[in-house]
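*Asks:* Take this structure, written in structure tokens, and hold onto it; I'll ask about it next.
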Amino acid sequence: MMSGMEGLSVGVVRERFPGETRVAVTPQTAAQLVRAGLAVLVERGAGAAAGYPDHEFVEHGARLADRGAVFGADILLQVRTSAASPGDDAADMYRSGQVIIGMAAPFEGSAALADLAHRGPTVFAVELVPRIARAQSMDVLSSQSTVTGYKAVLLAAARLPKMFPMLTTAAGTVAPARVFVIGAGVAGLQAIATARRLGAGVEAYDVRPAAQEEVASLGAKLVPLEFEPGEVKHAGDAQGAGGYAQAMGETFYRRQQEHLTNVVAGVDVVIASAAIPGARAPILLTEEGVAAMAPGSVVVDLAAPQGGNCALTQPDQEVVAGGVTILGPTNLPATVPYHASQLFARNLATFLLAMVRDGVFAPDEDDPVVRATLVAKDGQLVLRPPEEGASR
């Protein structure tokens, strides 16, 4: 519990991770926090890369400060804590009794989170917000995946040597591009919607039975994979807690790979976004699958941060194999930082204010949102395995 006779202070730092242009609080959410009785300290230049100049924070009730003063706040809101930002100088600036709220890369096997925990702050990893109705407005993964799915299609359109829509002109008719989306989660659904808006023909694949209705609602066709007897007990086995896909057996993955190799041979763009919480992304597009694609085709692998759905993906690199371009972006929201920050900041403000009562920071550790996201306390990691969390 944290109180303060002079009121709680909230610090907003400028992100130091290479390529990270987002900010954890925008001027609008700063005003929301101030109205709730919190003092908001913003490091000078924190929002500049996202399109939020210092004077806008001041106009909305925040105060500008240097980095050291900001790190002295009771609560720090960050896009990436030091655990998710290797090499960040912030690690030595955290202190016992402080609360840190931000992305903390909880299942990436790094010692950085343990190091952060040992410094004594209470740490909440917002990637772990459970997908329950009450927490939808706090779900940073969903909000940022929306941005990711949108930008992935634009990235593909920029690389593809074809136009997306069908055009009928005096010079003849141009056939629409064919886009295939693997994984119909939040990013995949936004990719479907964006590709459809650009005029492409869109098909999608997802192991979860619930995806069929969602894909159809966006005007795309779901490509089915028939199960052999004994491969899974029933189709629902492919769906785990919280509606996420879960790991399956090797035989199942081999059948997927064979099936998808046949499908991608006839498409222009593949957007791959299949991920399993807390685990390496499954390889769904093999080297043989890439070889089956026509030269000029494009693969955008959104699972690159978890190893990639394509066997040839290299994180943050462009690989060309047999004329097929494979892109492995790991932080597309940072390429649309104004709106990505707007969404992220709203998530964090809602998350924080749910734990503040009458000027006191008093999280209820029996609350499923708090229980799922609390990863460090009193100098110790309290991280739960993915299968024990509320929905990861």
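Scheme for the structure tokens: letters A, B, ... for chains in order shown; per-chain residue numbers from 1; ligand numbers from 1 in order shown.
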Need the shell around Ala220 (chain A): protein/DNA/RNA residues with any atom at most 7 Å away, counting only C-alpha atoms. Skip same-chain ones fewer than 4 positions apart. Format as a list in words?

*Replies:* Val202, Glu203, Ala204, Val215 and Ala216 of chain A

*Asks:* Assign secondary structure with DSSP using the backbone only, and return the residues of region 38-118 of chain A in strand (DSSP E) as a list in words.

*Replies:*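 Matching residues for strand (DSSP E) in region 38-118 of chain A are Ala39, Val40, Leu41, Val42, Glu43, Arg63, Leu64, Ala65, Ile75, Leu76, Leu77, Gln78, Val79, Arg80, Val99, Ile100, Ile101, Gly102 and Met103 of chain A.
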
*Asks:* Quick one: residues within 6 Å of region 278-292 of chain A, only C-alpha atoms, excluding same-chain residues fewer than 6 positions away - as a list in words?

*Replies:*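 These residues fall inside the cut-off: Phe107, Gln257, Thr261, Ala265, Gln306, Gly307, Gly308, Asn309, Cys310, Ala311 and Pro386 of chain A.
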
*Asks:* For the contact check between region 143-218 of chain A and region 126-138 of chain A, emit one row per residue of region 143-218 of chain A within 12 Å, containing the shortest atom pair and the distance in Å rounded to one decimal, counting only C-alpha atoms, chain then rising number order, as CSV.

*Replies:*
residue,atom,partner,partner_atom,distance
A:Ser143,CA,A:Met138,CA,8.8
A:Gln144,CA,A:Glu127,CA,10.4
A:Ser145,CA,A:Glu127,CA,11.5
A:Val186,CA,A:Arg131,CA,11.8

*Asks:* Might you pull out every residue within 9 Å of Val267 (chain A), with only C-alpha atoms counted and same-chain residues fewer than 6 positions away left off, and present them as an MDAnalysis selection string?

*Replies:* chainID A and resid 177:180 293:294 297

*Asks:* Among region 124-277 of chain A, which residues carry a DSSP assignment of helix (DSSP H, G or I), reported as JSON, numbers by chain?

*Replies:* {"A": [126, 127, 128, 133, 134, 135, 136, 137, 138, 140, 141, 142, 143, 144, 145, 146, 147, 148, 149, 150, 151, 152, 153, 154, 155, 156, 157, 158, 159, 186, 187, 188, 189, 190, 191, 192, 193, 194, 195, 196, 197, 211, 212, 213, 214, 215, 216, 217, 235, 236, 237, 238, 241, 242, 243, 250, 251, 252, 253, 254, 255, 256, 257, 258, 259, 260, 261, 262, 263, 264]}

*Asks:* Gly296 (chain A): which residues within 12 Å, counting only C-alpha atoms, same-chain residues fewer than 3 positions away excluded, as a VMD selection string?

*Replies:* chain A and resid 156 to 162 177 267 to 270 290 to 293 299 320 to 326

*Asks:* Using only C-alpha atoms, which residue out of A:Ser217, A:Ala193, A:Leu155, A:Leu352 lies closest to Gly328 (chain A)?

*Replies:*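 Selected residue with least distance to Gly328 (chain A): A:Leu155.
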
*Asks:* Which residues are near Tyr52 (chain A)? Cut-off 8 Å, only C-alpha atoms, ignore same chain within fewer than 3 positions. Put them as a list of chain:residue names.

*Replies:* A:Thr26, A:Pro27, A:Gly47, A:Ala48, A:Ala49, A:Glu56, A:Phe57, A:Tyr338

*Asks:* Could you write out the selected residues, including C-alpha atoms, as a PDB file, in the first residue's frame?

*Replies:*
ATOM      1  CA  THR A  26      -0.108  11.241 -23.462  1.00  0.00           C
ATOM      2  CA  PRO A  27      -1.217  14.772 -22.555  1.00  0.00           C
ATOM      3  CA  GLY A  47       6.583  12.340 -25.984  1.00  0.00           C
ATOM      4  CA  ALA A  48       8.422  14.147 -28.771  1.00  0.00           C
ATOM      5  CA  ALA A  49       9.048  11.093 -30.969  1.00  0.00           C
ATOM      6  CA  GLU A  56       1.067  19.912 -24.383  1.00  0.00           C
ATOM      7  CA  PHE A  57       1.825  17.966 -21.211  1.00  0.00           C
ATOM      8  CA  TYR A 338       0.993   8.809 -32.141  1.00  0.00           C
TER       9      TYR A 338
END

*Asks:* Give me the residues near Asp358 (chain A) as an MDAnalysis selection string, where near means some atom within 10 Å (using only C-alpha atoms) and where sequence neighbours in that chain fewer than 4 positions away do not count.

*Replies:* chainID A and resid 3 7 36:37 362

*Asks:* Take CA of Val123 (chain A) and CA of Val99 (chain A) and report the distance between them in Å, one decimal.

*Replies:* 5.9 Å

*Asks:* With only C-alpha atoms as the atoms that count, which of A:Val70, A:Val263, A:Ala83, A:Val13 lies nearest to Leu116 (chain A)?

*Replies:*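 Selected residue with least distance to Leu116 (chain A): A:Ala83.
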
*Asks:* Using Å and a single decimal, report how far CA of Val207 (chain A) sits from CA of Pro305 (chain A).

*Replies:*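 So the two atoms, CA of Pro305 (chain A) and CA of Val207 (chain A), lie 20.5 Å apart.
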
*Asks:* Mind giving me the straight-line distance from CA of Gln256 (chain A) to CA of Phe164 (chain A) in Å, one decimal?

*Replies:*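 Calculated distance between CA of Gln256 (chain A) and CA of Phe164 (chain A) is 26.8 Å.
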
*Asks:* Choose the residue, out of A:Ala195, A:Ala187, A:Ala372, A:Val140, that has the smallest atom-to-atom separation from Pro165 (chain A); count only C-alpha atoms.

*Replies:*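 Ranking A:Ala195, A:Ala187, A:Ala372, A:Val140 by distance to Pro165 (chain A), first place goes to A:Ala195.
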